[in-house]
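Coordinates as given in structure-v1.cif (mmCIF, C-alpha atoms, pLDDT in the B column; chains and numbers go by the auth columns):
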```cif
data_structure
#
loop_
_atom_site.group_PDB
_atom_site.id
_atom_site.type_symbol
_atom_site.label_atom_id
_atom_site.label_comp_id
_atom_site.label_asym_id
_atom_site.label_seq_id
_atom_site.Cartn_x
_atom_site.Cartn_y
_atom_site.Cartn_z
_atom_site.B_iso_or_equiv
_atom_site.auth_seq_id
_atom_site.auth_asym_id
ATOM 1 C CA MET A 1 10.215 -6.957 -23.461 85.00 20 A
ATOM 2 C CA THR A 2 6.832 -5.994 -24.891 94.00 21 A
ATOM 3 C CA LEU A 3 5.243 -2.545 -24.577 96.00 22 A
ATOM 4 C CA PRO A 4 2.632 -3.817 -22.071 96.00 23 A
ATOM 5 C CA ASN A 5 5.455 -5.266 -19.946 96.00 24 A
ATOM 6 C CA MET A 6 7.286 -1.931 -20.021 97.00 25 A
ATOM 7 C CA ILE A 7 4.095 -0.194 -18.901 97.00 26 A
ATOM 8 C CA SER A 8 3.682 -2.695 -16.041 96.00 27 A
ATOM 9 C CA LEU A 9 7.317 -2.158 -15.066 97.00 28 A
ATOM 10 C CA ALA A 10 6.810 1.626 -15.077 97.00 29 A
ATOM 11 C CA ARG A 11 3.787 1.149 -12.789 97.00 30 A
ATOM 12 C CA LEU A 12 5.912 -0.949 -10.466 97.00 31 A
ATOM 13 C CA LEU A 13 8.667 1.683 -10.459 97.00 32 A
ATOM 14 C CA SER A 14 6.123 4.442 -9.655 97.00 33 A
ATOM 15 C CA VAL A 15 5.197 2.820 -6.348 98.00 34 A
ATOM 16 C CA PRO A 16 7.968 4.327 -4.173 98.00 35 A
ATOM 17 C CA PHE A 17 7.201 7.806 -5.534 98.00 36 A
ATOM 18 C CA ASN A 18 3.487 7.395 -4.841 98.00 37 A
ATOM 19 C CA VAL A 19 4.142 6.148 -1.300 98.00 38 A
ATOM 20 C CA TRP A 20 6.499 9.055 -0.674 98.00 39 A
ATOM 21 C CA LEU A 21 3.852 11.531 -1.858 98.00 40 A
ATOM 22 C CA ILE A 22 1.376 10.042 0.594 98.00 41 A
ATOM 23 C CA LEU A 23 3.854 10.131 3.451 97.00 42 A
ATOM 24 C CA ILE A 24 4.600 13.829 2.854 98.00 43 A
ATOM 25 C CA ASP A 25 0.901 14.710 2.472 97.00 44 A
ATOM 26 C CA GLN A 26 1.039 15.669 -1.195 98.00 45 A
ATOM 27 C CA TRP A 27 -2.457 14.369 -1.775 98.00 46 A
ATOM 28 C CA ARG A 28 -3.296 15.883 -5.148 98.00 47 A
ATOM 29 C CA LEU A 29 -0.085 14.711 -6.750 98.00 48 A
ATOM 30 C CA ALA A 30 -0.469 11.325 -5.036 98.00 49 A
ATOM 31 C CA LEU A 31 -3.953 11.064 -6.542 98.00 50 A
ATOM 32 C CA VAL A 32 -2.619 11.908 -10.011 98.00 51 A
ATOM 33 C CA VAL A 33 0.156 9.300 -9.748 98.00 52 A
ATOM 34 C CA PHE A 34 -2.271 6.708 -8.384 98.00 53 A
ATOM 35 C CA CYS A 35 -4.766 7.387 -11.186 96.00 54 A
ATOM 36 C CA LEU A 36 -1.986 7.195 -13.799 97.00 55 A
ATOM 37 C CA ALA A 37 -0.972 3.840 -12.342 96.00 56 A
ATOM 38 C CA GLY A 38 -4.563 2.656 -12.649 93.00 57 A
ATOM 39 C CA LEU A 39 -4.778 3.939 -16.201 95.00 58 A
ATOM 40 C CA SER A 40 -1.500 2.189 -17.059 95.00 59 A
ATOM 41 C CA ASP A 41 -3.017 -1.074 -15.824 92.00 60 A
ATOM 42 C CA ALA A 42 -5.936 -0.665 -18.212 92.00 61 A
ATOM 43 C CA VAL A 43 -3.667 0.351 -21.099 95.00 62 A
ATOM 44 C CA ASP A 44 -1.202 -2.515 -20.709 93.00 63 A
ATOM 45 C CA GLY A 45 -4.074 -5.016 -20.573 90.00 64 A
ATOM 46 C CA LEU A 46 -5.741 -3.505 -23.625 93.00 65 A
ATOM 47 C CA LEU A 47 -2.505 -3.515 -25.626 95.00 66 A
ATOM 48 C CA ALA A 48 -1.663 -7.063 -24.611 93.00 67 A
ATOM 49 C CA LYS A 49 -5.069 -8.478 -25.533 92.00 68 A
ATOM 50 C CA ARG A 50 -6.040 -6.367 -28.515 94.00 69 A
ATOM 51 C CA PHE A 51 -2.684 -6.386 -30.292 93.00 70 A
ATOM 52 C CA GLY A 52 -1.495 -9.860 -29.357 93.00 71 A
ATOM 53 C CA MET A 53 1.282 -8.625 -27.086 94.00 72 A
ATOM 54 C CA GLN A 54 0.551 -11.085 -24.287 93.00 73 A
ATOM 55 C CA SER A 55 3.572 -12.766 -22.807 93.00 74 A
ATOM 56 C CA ARG A 56 4.366 -15.175 -20.027 89.00 75 A
ATOM 57 C CA LEU A 57 6.317 -12.431 -18.251 92.00 76 A
ATOM 58 C CA GLY A 58 3.293 -10.142 -18.507 92.00 77 A
ATOM 59 C CA ARG A 59 1.028 -12.731 -16.889 88.00 78 A
ATOM 60 C CA TYR A 60 3.196 -12.421 -13.783 87.00 79 A
ATOM 61 C CA LEU A 61 4.490 -8.848 -13.995 93.00 80 A
ATOM 62 C CA ASP A 62 1.077 -7.179 -14.337 93.00 81 A
ATOM 63 C CA PRO A 63 -0.509 -8.707 -11.210 90.00 82 A
ATOM 64 C CA ILE A 64 2.742 -8.257 -9.260 93.00 83 A
ATOM 65 C CA ALA A 65 2.781 -4.547 -10.166 96.00 84 A
ATOM 66 C CA ASP A 66 -0.875 -4.260 -9.133 93.00 85 A
ATOM 67 C CA LYS A 67 -0.330 -6.022 -5.814 94.00 86 A
ATOM 68 C CA VAL A 68 2.840 -4.102 -4.960 97.00 87 A
ATOM 69 C CA LEU A 69 1.025 -0.851 -5.713 97.00 88 A
ATOM 70 C CA LEU A 70 -2.043 -1.680 -3.635 97.00 89 A
ATOM 71 C CA ILE A 71 -0.169 -3.212 -0.705 97.00 90 A
ATOM 72 C CA SER A 72 2.213 -0.251 -0.595 98.00 91 A
ATOM 73 C CA ILE A 73 -0.625 2.270 -0.747 98.00 92 A
ATOM 74 C CA PHE A 74 -2.530 0.434 1.987 98.00 93 A
ATOM 75 C CA ILE A 75 0.561 0.355 4.207 98.00 94 A
ATOM 76 C CA ALA A 76 1.268 4.056 3.572 98.00 95 A
ATOM 77 C CA LEU A 77 -2.346 5.004 4.342 98.00 96 A
ATOM 78 C CA GLY A 78 -2.163 2.819 7.457 98.00 97 A
ATOM 79 C CA VAL A 79 1.046 4.501 8.596 97.00 98 A
ATOM 80 C CA GLN A 80 -0.710 7.842 8.144 97.00 99 A
ATOM 81 C CA GLN A 81 -3.587 6.413 10.249 97.00 100 A
ATOM 82 C CA LEU A 82 -6.010 6.963 7.381 97.00 101 A
ATOM 83 C CA LEU A 83 -6.972 3.304 7.149 98.00 102 A
ATOM 84 C CA PRO A 84 -7.557 1.093 10.174 98.00 103 A
ATOM 85 C CA LEU A 85 -4.558 -1.030 11.075 98.00 104 A
ATOM 86 C CA TRP A 86 -6.712 -4.178 11.203 98.00 105 A
ATOM 87 C CA LEU A 87 -7.716 -3.643 7.563 98.00 106 A
ATOM 88 C CA VAL A 88 -4.123 -3.121 6.437 98.00 107 A
ATOM 89 C CA ILE A 89 -3.109 -6.323 8.237 98.00 108 A
ATOM 90 C CA LEU A 90 -6.033 -8.227 6.695 98.00 109 A
ATOM 91 C CA VAL A 91 -5.270 -7.071 3.135 98.00 110 A
ATOM 92 C CA VAL A 92 -1.512 -7.661 3.394 98.00 111 A
ATOM 93 C CA SER A 93 -1.960 -11.030 5.123 97.00 112 A
ATOM 94 C CA ARG A 94 -4.298 -12.258 2.383 97.00 113 A
ATOM 95 C CA ASP A 95 -1.738 -11.468 -0.293 95.00 114 A
ATOM 96 C CA ILE A 96 1.102 -13.062 1.696 95.00 115 A
ATOM 97 C CA LEU A 97 -1.080 -16.146 2.199 94.00 116 A
ATOM 98 C CA ILE A 98 -1.757 -16.413 -1.537 91.00 117 A
ATOM 99 C CA ALA A 99 1.911 -15.871 -2.455 90.00 118 A
ATOM 100 C CA GLY A 100 3.003 -18.428 0.130 92.00 119 A
ATOM 101 C CA GLY A 101 0.509 -20.967 -1.184 89.00 120 A
ATOM 102 C CA LEU A 102 1.737 -20.470 -4.742 86.00 121 A
ATOM 103 C CA GLY A 103 5.310 -20.835 -3.502 88.00 122 A
ATOM 104 C CA LEU A 104 4.481 -24.146 -1.841 88.00 123 A
ATOM 105 C CA LEU A 105 2.829 -25.429 -5.009 85.00 124 A
ATOM 106 C CA TYR A 106 6.006 -24.627 -6.957 85.00 125 A
ATOM 107 C CA LEU A 107 8.163 -26.314 -4.312 88.00 126 A
ATOM 108 C CA PHE A 108 6.103 -29.463 -4.840 84.00 127 A
ATOM 109 C CA ASP A 109 6.557 -29.181 -8.623 83.00 128 A
ATOM 110 C CA GLN A 110 2.947 -28.149 -9.083 79.00 129 A
ATOM 111 C CA PRO A 111 3.248 -25.106 -11.347 71.00 130 A
ATOM 112 C CA PHE A 112 0.167 -22.966 -11.282 71.00 131 A
ATOM 113 C CA GLU A 113 -0.681 -20.285 -13.821 67.00 132 A
ATOM 114 C CA PRO A 114 -2.317 -17.449 -11.894 63.00 133 A
ATOM 115 C CA LYS A 115 -5.852 -16.728 -13.052 76.00 134 A
ATOM 116 C CA PRO A 116 -7.653 -14.394 -10.695 82.00 135 A
ATOM 117 C CA LEU A 117 -11.001 -15.481 -9.347 89.00 136 A
ATOM 118 C CA LEU A 118 -14.018 -13.220 -9.763 95.00 137 A
ATOM 119 C CA SER A 119 -13.963 -12.535 -6.019 95.00 138 A
ATOM 120 C CA SER A 120 -10.330 -11.453 -6.354 93.00 139 A
ATOM 121 C CA LYS A 121 -11.159 -9.050 -9.186 91.00 140 A
ATOM 122 C CA ILE A 122 -13.975 -7.562 -7.104 96.00 141 A
ATOM 123 C CA ASN A 123 -11.638 -7.318 -4.127 96.00 142 A
ATOM 124 C CA THR A 124 -8.980 -5.544 -6.189 94.00 143 A
ATOM 125 C CA ALA A 125 -11.533 -3.117 -7.636 94.00 144 A
ATOM 126 C CA MET A 126 -12.790 -2.325 -4.152 97.00 145 A
ATOM 127 C CA GLN A 127 -9.246 -1.828 -2.842 97.00 146 A
ATOM 128 C CA ILE A 128 -8.543 0.570 -5.710 96.00 147 A
ATOM 129 C CA GLY A 129 -11.799 2.398 -5.022 96.00 148 A
ATOM 130 C CA LEU A 130 -11.037 2.705 -1.313 98.00 149 A
ATOM 131 C CA SER A 131 -7.473 3.895 -1.902 98.00 150 A
ATOM 132 C CA ALA A 132 -8.555 6.469 -4.481 97.00 151 A
ATOM 133 C CA SER A 133 -11.421 7.639 -2.248 97.00 152 A
ATOM 134 C CA VAL A 134 -9.183 8.175 0.776 98.00 153 A
ATOM 135 C CA ILE A 135 -6.596 10.046 -1.285 98.00 154 A
ATOM 136 C CA ALA A 136 -9.239 12.111 -3.124 97.00 155 A
ATOM 137 C CA THR A 137 -10.992 12.962 0.153 97.00 156 A
ATOM 138 C CA LEU A 138 -7.750 14.447 1.442 97.00 157 A
ATOM 139 C CA ALA A 139 -6.744 16.021 -1.866 97.00 158 A
ATOM 140 C CA PHE A 140 -9.990 17.963 -2.164 97.00 159 A
ATOM 141 C CA ALA A 141 -11.160 18.211 1.471 95.00 160 A
ATOM 142 C CA LEU A 142 -14.262 16.099 0.846 93.00 161 A
ATOM 143 C CA GLU A 143 -15.277 15.560 4.474 91.00 162 A
ATOM 144 C CA ALA A 144 -18.840 14.714 3.399 93.00 163 A
ATOM 145 C CA PHE A 145 -17.425 11.644 1.639 92.00 164 A
ATOM 146 C CA ALA A 146 -16.247 10.106 4.965 93.00 165 A
ATOM 147 C CA PRO A 147 -19.341 7.872 5.447 95.00 166 A
ATOM 148 C CA TYR A 148 -18.777 6.367 1.986 96.00 167 A
ATOM 149 C CA VAL A 149 -15.147 5.692 2.855 97.00 168 A
ATOM 150 C CA GLN A 150 -16.323 3.833 5.972 97.00 169 A
ATOM 151 C CA MET A 151 -18.680 1.725 3.848 98.00 170 A
ATOM 152 C CA LEU A 152 -15.816 0.957 1.455 98.00 171 A
ATOM 153 C CA ILE A 153 -13.654 -0.132 4.402 98.00 172 A
ATOM 154 C CA VAL A 154 -16.302 -2.675 5.403 98.00 173 A
ATOM 155 C CA GLY A 155 -16.730 -3.776 1.775 98.00 174 A
ATOM 156 C CA VAL A 156 -12.992 -4.257 1.292 98.00 175 A
ATOM 157 C CA ALA A 157 -12.779 -6.263 4.521 98.00 176 A
ATOM 158 C CA LEU A 158 -15.603 -8.570 3.422 98.00 177 A
ATOM 159 C CA ALA A 159 -14.240 -8.944 -0.123 98.00 178 A
ATOM 160 C CA THR A 160 -10.761 -9.678 1.259 98.00 179 A
ATOM 161 C CA VAL A 161 -12.089 -12.428 3.531 98.00 180 A
ATOM 162 C CA VAL A 162 -14.211 -13.988 0.767 98.00 181 A
ATOM 163 C CA SER A 163 -11.408 -13.884 -1.790 96.00 182 A
ATOM 164 C CA GLY A 164 -8.798 -15.131 0.672 96.00 183 A
ATOM 165 C CA THR A 165 -11.091 -17.992 1.677 96.00 184 A
ATOM 166 C CA GLU A 166 -11.670 -19.004 -1.950 95.00 185 A
ATOM 167 C CA TYR A 167 -7.930 -19.060 -2.659 92.00 186 A
ATOM 168 C CA THR A 168 -7.255 -21.008 0.534 93.00 187 A
ATOM 169 C CA VAL A 169 -9.901 -23.633 -0.305 93.00 188 A
ATOM 170 C CA ASP A 170 -8.507 -23.974 -3.850 89.00 189 A
ATOM 171 C CA TRP A 171 -4.964 -24.327 -2.505 88.00 190 A
ATOM 172 C CA TRP A 172 -6.116 -26.868 0.084 90.00 191 A
ATOM 173 C CA ARG A 173 -7.754 -28.990 -2.616 88.00 192 A
ATOM 174 C CA ARG A 174 -4.622 -28.896 -4.751 84.00 193 A
ATOM 175 C CA MET A 175 -2.404 -29.880 -1.827 85.00 194 A
ATOM 176 C CA ASN A 176 -4.760 -32.704 -0.804 86.00 195 A
ATOM 177 C CA LYS A 177 -4.693 -34.107 -4.359 84.00 196 A
ATOM 178 C CA LEU A 178 -0.919 -33.931 -4.286 81.00 197 A
ATOM 179 C CA GLU A 179 -0.732 -35.745 -0.937 81.00 198 A
ATOM 180 C CA GLN A 180 -3.183 -38.435 -2.057 82.00 199 A
ATOM 181 C CA GLY A 181 -1.696 -38.879 -5.521 66.00 200 A
#
```
Take the structure in this file and express it as structure tokens.
Amino acid sequence: MTLPNMISLARLLSVPFNVWLILIDQWRLALVVFCLAGLSDAVDGLLAKRFGMQSRLGRYLDPIADKVLLISIFIALGVQQLLPLWLVILVVSRDILIAGGLGLLYLFDQPFEPKPLLSSKINTAMQIGLSASVIATLAFALEAFAPYVQMLIVGVALATVVSGTEYTVDWWRRMNKLEQG
């Protein structure tokens, strides 16, 4: 187990604590934990790439930790009625769709190394920005920031649809090649 993998695992293990903080309205501490999770993502990536600590486990563990964190935060913010339910459903459904597609590829002996698309990276960045903005708005009573949060909601919805569509088209092409070959 490399140091970057341990950092990713720590991020994954922080998720229940962060969700709990949101559910009990401990916004400042939730923001700190969320920001530390984000920082850990940057640190584990830097260590892995700069010091040659990349591993096959890390290629899976890092994005899983990111997705579990974001999905959990979105669900918690949805439960608190701080994000629209339709957006939570859209974001979670996209990730389930992608995971299901990857699962089907593996079932058909078509291993696929996950390499996020640019649209997916933009989508993830926007999801992080929205989550942090909602939590920060509550942590520091930034009511004036509400219009920006609404714009981020629309941006995340659009980015989620674009990214989900790109993954679906890619999966469809792979499955069609498999069926024809």
Q: Could you tell me which of A:Pro23, A:Leu104, A:Gly119, A:Trp46 comes closest to Ala67 of chain A if we count only C-alpha atoms?
A: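 Smallest separation from Ala67 of chain A among the options: A:Pro23.
Closest to Ala151 of chain A among A:Pro35, A:Pro135, A:Gly183, A:Gly57 is A:Gly57, based on all atoms listed in the file.
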Q: Would you write out, as a list in words, every residue that the PyMOL selection byres ((chain A and resi 83) around 12) captures in this file?
A: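 Against this file, the PyMOL selection byres ((chain A and resi 83) around 12) returns the residues Asn24, Ser27, Leu28, Arg30, Leu31, Leu32, Val34, Asp60, Leu76, Gly77, Arg78, Tyr79, Leu80, Asp81, Pro82, Ala84, Asp85, Lys86, Val87, Leu88, Leu89, Ile90, Ser91, Asp114, Ala118 and Pro133 of chain A.
Among the candidates A:Leu109, A:Val175, A:Ile115, A:Ile26, the residue lying nearest to Ser150 of chain A is A:Val175 (atoms considered: only C-alpha atoms).
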**Q.** Top pick for closest residue to Ala158 of chain A, considering A:Gln45, A:Ser59, A:Gln73, A:Asn142 and counting all atoms listed in the file
**A.**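 Under the stated criterion, the closest residue is A:Gln45.
Near Val111 of chain A, within 9 Å and counting only C-alpha atoms, sit Ile90, Phe93, Ile94, Leu106 and Leu116 of chain A; same-chain residues fewer than 5 positions away were not included.
Pairwise distance (atom CA of Asp44 of chain A, atom CA of Met25 of chain A) equals 28.7 Å.
The spacing separating atom CA of Glu185 of chain A from atom CA of Ala61 of chain A amounts to 25.2 Å.
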